Every structure is written in C-alpha cells, then in structure tokens.
Amino acid sequence: MEFLNELLVSSLIVIGATFALIGSYGMLKLPDLMSRLHAPTKATTLGVGGALVASMVYFLALNGTVSIHELLISLFLFLTAPITAHFLAKAWLHTQQPNTLPRPARHDWSTFEKAPGSDEAG
Amino acid sequence: MADPHMPEQPGLLRRCCPHPLLSLALTLIWLLLINSFSVGGLLVGLTLGLAIPRLTSSFWPGRPRVRHYGKVVAYVLLVIRDIIVANLQVAFIILFRPVGSLHTRWLCVPLDLTSPEAITLFAGTITMTPGTVSCDLSADGKALLVHCLDAPDAEAAIREMKERYESRLQEIFA
C-alpha cells in the first residue's frame, strides 16, 4: 500500500515536472512574444496541477486528512493566469502598435481608442 | 431579489452585505486558508467577508444575476476538462510541430454577451483553453481580440468558441 502511494505521488510529480519543462521549452522554441504567451499560460497549469495533486495525495496517505490549501492554490492560479496573460498582451499592443490586427465592426480596440462616452484613457 | 443561497436576516442584508455570495465566498476562502475550523477563525472570516465587499463596493456597481447555479457547476467541469485537453494539445504543438507549420493568427470574436462579469469569464475561459489567448476588448465592448496559436480555419475557431462557451454563459447570466 505504501509502495502504491509513493508510486502514485512520484509519477504525479514527474508528470507535472514534464509539463513545466515542456512549457519552458515552448518559451525557447516559439518565435514571437504572442506565441510564447501560449506556452506558460497552458502547459504550466498542468505542471503546477500535477505537483498540487501529488501533495494532496501525499498528505491524505500520510495522516489521513484532506489538505485544502492545494485547491486554493489552483483556484488563485486559474484566476491570475488569464489576467497576467492579458496584461502582457496589452503591453505588447501598446509597444508594437501592430497594423495587421482584424478590426471590430464600429470601434477600434480599447487599447487604441477610448470607450464611447468616457474620459478614461485606454 | 431573494437569494436562496443566503443565510437569514433579510432586513439587514441589503445594507450590510451588498454582495452576499461574495461575502460567503470570502468567508469560505478564509476558513480554507487557515485549514482548520474554529469559532475564532469563523468570526475573522465573517468580518472579512462583510468588510471587503463594502470597502471595494465601488468596483462592484451591480450584482451579476445568475440564473442557473447547476449550470455554473457544469460549466466549471467543462472548463477544467478543456484545460487539461488544452495542456496536452499545446504540449504536443510545442514538442512536435515545426514552427513554420503553425497557423498563428488574430481573430476578432463578436460578442453577444453584454454583462461585464460574463465577458470577463468568457475572456478568461478563452485564455485558459486550447491554443487561444484573449488580448483586448473593442472600445464599445462588442468584440474580443483573440490570438490563436494554431487555427487553420478562422471561421470554425470563432464558431467553436461561441458555441462551446458563450452560449453556455448566456444561459447562466440573465
């Protein structure tokens, strides 16, 4: 039983580490910033997830209690990863001012145009 | 509007607690953070749960109307499943696809959702799922700018996002 637990925990850690490694390799391989953004937002989610599930299984087997902290970590990760990606993309739009973007029907993207009826800078 | 998920005291509720679900979630998160249950911890959690929504209420002008809580659970499960699939797909692309063969492109996704909370959820979902990152909102809030890592067919990618996530969010938010 103990052997099975350790096998499960260690394989989860290895799977998680593999995904984290793939995510980092993606940062090296992909050509431009916007493509690179895909690697850390996705591949690392499963990387961290694997480590967190391994931690939950370990503490469940060690002293029979369910540890909830891991769920909170993944919740915060899911909340913050899209926002980080959004900020990076927004910074990229501001610095590059690309002219190959598709345009929405009536107004431009909010990075380049104020919202109708507001004084806030975009 | 009566909220079935709230504890008692309906009279005080409106003034003390403009966002009951947020208060409940904050209390719960505090209890999970200290990882053990005690009356003291519950009181601190309740204090935080009541104080934080009031202190930040200028960021929460209205309360989002959620119609089907069952569908929220179904949506969360669907997104978790898609996140795992997205991880595998992106890992496969990174490992085995030569960079030149990727159809990297920008998409302009027209929005049918109107409430800010629903659009935020939709954009977050797009970022977390297969090969797409949402980057910007149009100035009038009617379209999303999405970057695709590998989308051979732009129309199909837009249709899939709208059918898979947006239609479900439309059912959840009134």
# chains A, B, ... in the order shown; residues from 1 in each chain; ligands from 1

call {"tool": "residues_around", "arguments": {"residues": "range 164-173 of chain B", "least_positions_apart": "4", "cutoff": "9 Å", "atoms": "only C-alpha atoms", "output": "MDAnalysis selection string"}}
result
chainID B and resid 64:72 75 79 111:113 115 117:119 121:122 125:126 159:160

call {"tool": "interface_residues", "arguments": {"of": "chain A", "to": "chain B", "cutoff": "9 Å", "atoms": "only C-alpha atoms", "output": "JSON, numbers by chain"}}
result
{"A": [19, 22, 23, 25, 26, 29, 30, 31, 34, 35, 37, 38, 39, 41, 42, 43, 44, 45, 46, 67, 68, 69, 72, 78, 79, 81, 82, 83, 85, 86, 87, 88, 89, 90, 93, 100, 101, 102, 103, 104, 105, 106, 107, 108, 109, 110, 111, 112, 113, 114, 115, 116, 122]}

call {"tool": "write_last_selection", "arguments": {"atoms": "C-alpha atoms", "output": "JSON list (two decimals), in the first residue's frame"}}
result
[["chain", "number", "residue", "atom", "x", "y", "z"],
["A", 19, "PHE", "CA", 4.69, 19.68, -18.41],
["A", 22, "ILE", "CA", 7.64, 21.49, -21.97],
["A", 23, "GLY", "CA", 6.23, 24.91, -21.14],
["A", 25, "TYR", "CA", 10.92, 24.69, -23.85],
["A", 26, "GLY", "CA", 8.00, 26.34, -25.64],
["A", 29, "LYS", "CA", 11.13, 27.45, -29.38],
["A", 30, "LEU", "CA", 8.24, 29.70, -30.36],
["A", 31, "PRO", "CA", 9.25, 32.69, -32.47],
["A", 34, "MET", "CA", 2.41, 36.48, -28.64],
["A", 35, "SER", "CA", 3.06, 32.82, -29.49],
["A", 37, "LEU", "CA", 2.39, 33.64, -24.30],
["A", 38, "HIS", "CA", 0.58, 30.36, -25.04],
["A", 39, "ALA", "CA", 3.28, 28.17, -23.53],
["A", 41, "THR", "CA", -0.47, 30.01, -19.68],
["A", 42, "LYS", "CA", -1.27, 26.43, -20.65],
["A", 43, "ALA", "CA", 1.49, 23.90, -20.22],
["A", 44, "THR", "CA", 2.40, 25.14, -16.77],
["A", 45, "THR", "CA", -1.18, 24.89, -15.47],
["A", 46, "LEU", "CA", -0.94, 21.12, -15.66],
["A", 67, "SER", "CA", -5.49, 19.21, 2.66],
["A", 68, "ILE", "CA", -7.44, 22.04, 1.08],
["A", 69, "HIS", "CA", -4.62, 24.53, 0.52],
["A", 72, "LEU", "CA", -6.91, 27.26, -3.13],
["A", 78, "PHE", "CA", -6.86, 29.96, -12.55],
["A", 79, "LEU", "CA", -7.86, 33.48, -11.52],
["A", 81, "ALA", "CA", -3.10, 33.31, -15.17],
["A", 82, "PRO", "CA", -5.59, 34.90, -17.65],
["A", 83, "ILE", "CA", -5.05, 38.34, -16.11],
["A", 85, "ALA", "CA", -1.58, 36.95, -20.00],
["A", 86, "HIS", "CA", -3.98, 39.83, -20.68],
["A", 87, "PHE", "CA", -1.57, 42.39, -19.22],
["A", 88, "LEU", "CA", 1.35, 41.04, -21.24],
["A", 89, "ALA", "CA", -0.74, 41.11, -24.43],
["A", 90, "LYS", "CA", -1.90, 44.64, -23.65],
["A", 93, "LEU", "CA", -0.17, 46.02, -28.17],
["A", 100, "THR", "CA", -2.24, 43.72, -39.05],
["A", 101, "LEU", "CA", -4.96, 43.20, -36.45],
["A", 102, "PRO", "CA", -8.51, 42.41, -37.58],
["A", 103, "ARG", "CA", -10.77, 45.37, -36.80],
["A", 104, "PRO", "CA", -14.09, 45.11, -34.99],
["A", 105, "ALA", "CA", -17.16, 46.45, -36.75],
["A", 106, "ARG", "CA", -17.65, 50.00, -35.44],
["A", 107, "HIS", "CA", -14.96, 50.95, -32.91],
["A", 108, "ASP", "CA", -11.27, 50.16, -32.64],
["A", 109, "TRP", "CA", -9.76, 48.01, -29.88],
["A", 110, "SER", "CA", -9.87, 49.64, -26.46],
["A", 111, "THR", "CA", -6.06, 49.83, -26.29],
["A", 112, "PHE", "CA", -6.17, 52.36, -29.14],
["A", 113, "GLU", "CA", -9.50, 54.09, -28.64],
["A", 114, "LYS", "CA", -11.40, 55.46, -25.66],
["A", 115, "ALA", "CA", -14.68, 53.83, -24.77],
["A", 116, "PRO", "CA", -17.58, 55.82, -26.20],
["A", 122, "GLY", "CA", -7.44, 53.28, -22.84]]

call {"tool": "select_by_dssp", "arguments": {"residues": "chain B", "states": "alpha helix (DSSP H)", "output": "ChimeraX atom specification"}}
result
/B:10-16,20-34,39-55,69-96,116-128,154-161,167-172

call {"tool": "residues_around", "arguments": {"residues": "Met1 in chain A", "least_positions_apart": "5", "cutoff": "10 Å", "atoms": "only C-alpha atoms", "output": "PyMOL selection string"}}
result
chain A and resi 6-7+61
